[in-house]
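Each remark here refers to the structure printed beneath this line.
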Amino acid sequence: SLSFREWIFDRVVYLETEIIDTGFLYDMSPLYELCPVKLELSRSDKKIVMDFRVALYESVRLNNDSGSMFGFKIVALLRPELMTDIQTKAYVNKTSTQVLESLCSDKNIEFEKEIESYDTQTWYQINETDLAMTNHLLNKGFVAEEDLPLLFLTKENKLKYTSLKTVCEKEPKYLLINNDSSVLDNEIDPVISIVNKEKEKNTKIKVMYYNINIQDKNVSFLNNVEYGYGRNFTHYDLKNFQSYHMNFKYAPLSDKMFRHKTQKGLSNSITFGVYTGNQHKNYLLAIAQNKYISSIFFNNYKQVIVNSTLDISIGDKVKMLLPSTLQRIQGQDGLDDINSGEYIVGGILHNLNPNGLYNMVLTLFRNGIDSPRKEINNWLE
């Protein structure tokens, strides 16, 4: 079996595989640190070649009627050079975007940007890897008020730089339809009628069918306890103490966000020291804002299985149509108006099974629901 994952939070793509070996990888050509593993994905329209490097592996000797064999579990990384070289550098009067461009140029990684940052200062990389430096830039970089910078590596070997607001403002690329939808007695397929209506609104949208099995996880309560109801941060500017309260509503893809109306208390605050000259003007705001948005947006996701031939990427936006369970019990067809809606693709898990079946598991994010019913409006913000 073989799987690899693209993730909107990662600058590295992880490959995991399990293989049975007759002894070649054990006796003749043992695996070693950063040993190359090439993976090719071929479709009718294009071929993607990924050069992974072995990060770790484990093996177990298996005895059967044919003699001894070895079972290997291997984890490999795409573009691990971001994690290996420790650097000490100063990027003088640069934005975080320019620093990222320089890092990619040094490592011969294609850099694709959809936005510019506004955070000129001298950025220091002191005895740390380039991967640690990208984390530093994402935590303290600033693109706009009420927006979050995003940086992730794709299977096409591109390091993509964008923002959450940019991604959410795109038109949906796919319309996700449940492949278990039934046909009514009058032989009018309700799914087809919905598809036709959506295509009239967006002529470029494509249809994607997903498996009926959906995994849903919501950790908004846990995140809200620490960050979800706002953040205070203060600092001393050598003359006065400056205070800033952050509690803006952030639900770009839904009517309501997962935050209770009656909860108004602050659960987290930060006190900074003296604001120094070598910091961009939104430095403190960026630290608080980036943590706040990432905590409240990525606290709810759905996972669905789709066909592997579809051209879908991290950061794409989709519109998902979920069937109403209650209406199906009543022998009718209808949509779940609360959970149906727009989501962004935050994760793609590629699975290749021993029988040759290849599918993709999409992890779809948004931090709220739509609210056609009054009882929801009474408690969700």
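Simple scheme: letters A, B, ... for chains in structure tokens order, numbers from 1 for residues in each chain, numbers from 1 for ligands in the order shown.
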Residues within 10 Å of Asp311 (chain A), only C-alpha atoms, excluding chain neighbours under 3 positions, as an mmCIF file with N, CA and C atoms, in the first residue's frame:
data_model
loop_
_atom_site.group_PDB
_atom_site.id
_atom_site.type_symbol
_atom_site.label_atom_id
_atom_site.label_comp_id
_atom_site.auth_asym_id
_atom_site.auth_seq_id
_atom_site.Cartn_x
_atom_site.Cartn_y
_atom_site.Cartn_z
ATOM 1 N N ARG A 43 -1.764 10.630 -15.704
ATOM 2 C CA ARG A 43 -3.150 10.777 -16.107
ATOM 3 C C ARG A 43 -3.180 10.970 -17.612
ATOM 4 N N LYS A 173 -14.526 25.643 -7.617
ATOM 5 C CA LYS A 173 -14.020 24.911 -8.777
ATOM 6 C C LYS A 173 -14.874 23.686 -9.070
ATOM 7 N N TYR A 174 -15.396 23.051 -8.025
ATOM 8 C CA TYR A 174 -16.200 21.839 -8.189
ATOM 9 C C TYR A 174 -17.490 21.948 -7.384
ATOM 10 N N ASN A 307 -12.942 10.540 -6.691
ATOM 11 C CA ASN A 307 -12.187 9.901 -7.762
ATOM 12 C C ASN A 307 -10.815 10.542 -7.914
ATOM 13 N N SER A 308 -9.792 9.728 -8.093
ATOM 14 C CA SER A 308 -8.420 10.223 -8.155
ATOM 15 C C SER A 308 -8.078 10.917 -9.467
#
Item to check | region 117-129 of chain A surroundings by only C-alpha atoms, 10 Å radius, close-in-sequence under 6 positions cut, as a VMD selection string | outcome: chain A and resid 81 to 99 136 to 137 140 to 144 149 161 to 163 277 to 283 286
Item to check | Pick from A:His260, A:Arg61, A:His245, A:Lys217 nearest to Leu284 (chain A), counting only C-alpha atoms | outcome: A:His245
Next on the checklist: Please determine, counting only C-alpha atoms, which residue among A:Leu31, A:Ile348, A:Val219, A:Ile287 has the shortest atom-to-atom distance to Asn135 (chain A).
Outcome noted: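 Among A:Leu31, A:Ile348, A:Val219, A:Ile287, it is A:Ile287 that comes nearest to Asn135 (chain A).
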Next on the checklist: Just want the 10 Å neighbourhood of Leu352 (chain A), counted on only C-alpha atoms, with same-chain residues fewer than 6 positions away dropped. Output as number ranges by chain.
Outcome noted: A: 1-4, 17, 308, 358-360
Please produce a file of those selected residues containing C-alpha atoms, as a compact mmCIF listing (two decimals), in the first residue's frame.
# COMPACT_ATOMS: atom_id res chain seq x y z
CA SER A 1 0.00 0.00 0.00
CA LEU A 2 1.08 3.57 -0.60
CA SER A 3 -0.21 6.97 0.44
CA PHE A 4 0.98 10.55 0.45
CA THR A 17 4.36 2.99 1.98
CA SER A 308 -8.42 10.22 -8.16
CA TYR A 358 -6.44 4.68 -6.22
CA ASN A 359 -8.61 7.28 -4.52
CA MET A 360 -8.28 10.65 -2.82
Next on the checklist: Using DSSP assignments from the backbone, pull out every residue in region 46-166 of chain A that falls under strand (DSSP E) and give it to me as an NGL selection string.
Outcome noted: :A and (47-64 or 67-78 or 86-94 or 110-113 or 121-129 or 149-153 or 158-163)
Next on the checklist: At a cut-off of 9 Å, using only C-alpha atoms, what residues contact Tyr209 (chain A)? Leave out same-chain residues fewer than 6 positions from it and give the result as a PyMOL selection string.
Outcome noted: chain A and resi 175-179+305-307
Checklist entry - Between A:Thr154, A:Asn247, A:Asp147, A:Gly67, which has the minimum distance to Ile109 (chain A) (counting only C-alpha atoms)? => result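 The closest residue to Ile109 (chain A) is A:Thr154.
If only C-alpha atoms are the atoms counted, then among A:Arg231, A:Leu164, A:Asn211, A:Trp7 the closest residue to Thr363 (chain A) is A:Trp7.
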Next on the checklist: If I take CA of Gly368 (chain A) and CA of Asp255 (chain A), how far is one from the other in Å, to one decimal?
Outcome noted: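 According to the coordinates, CA of Gly368 (chain A) and CA of Asp255 (chain A) are separated by 7.1 Å.
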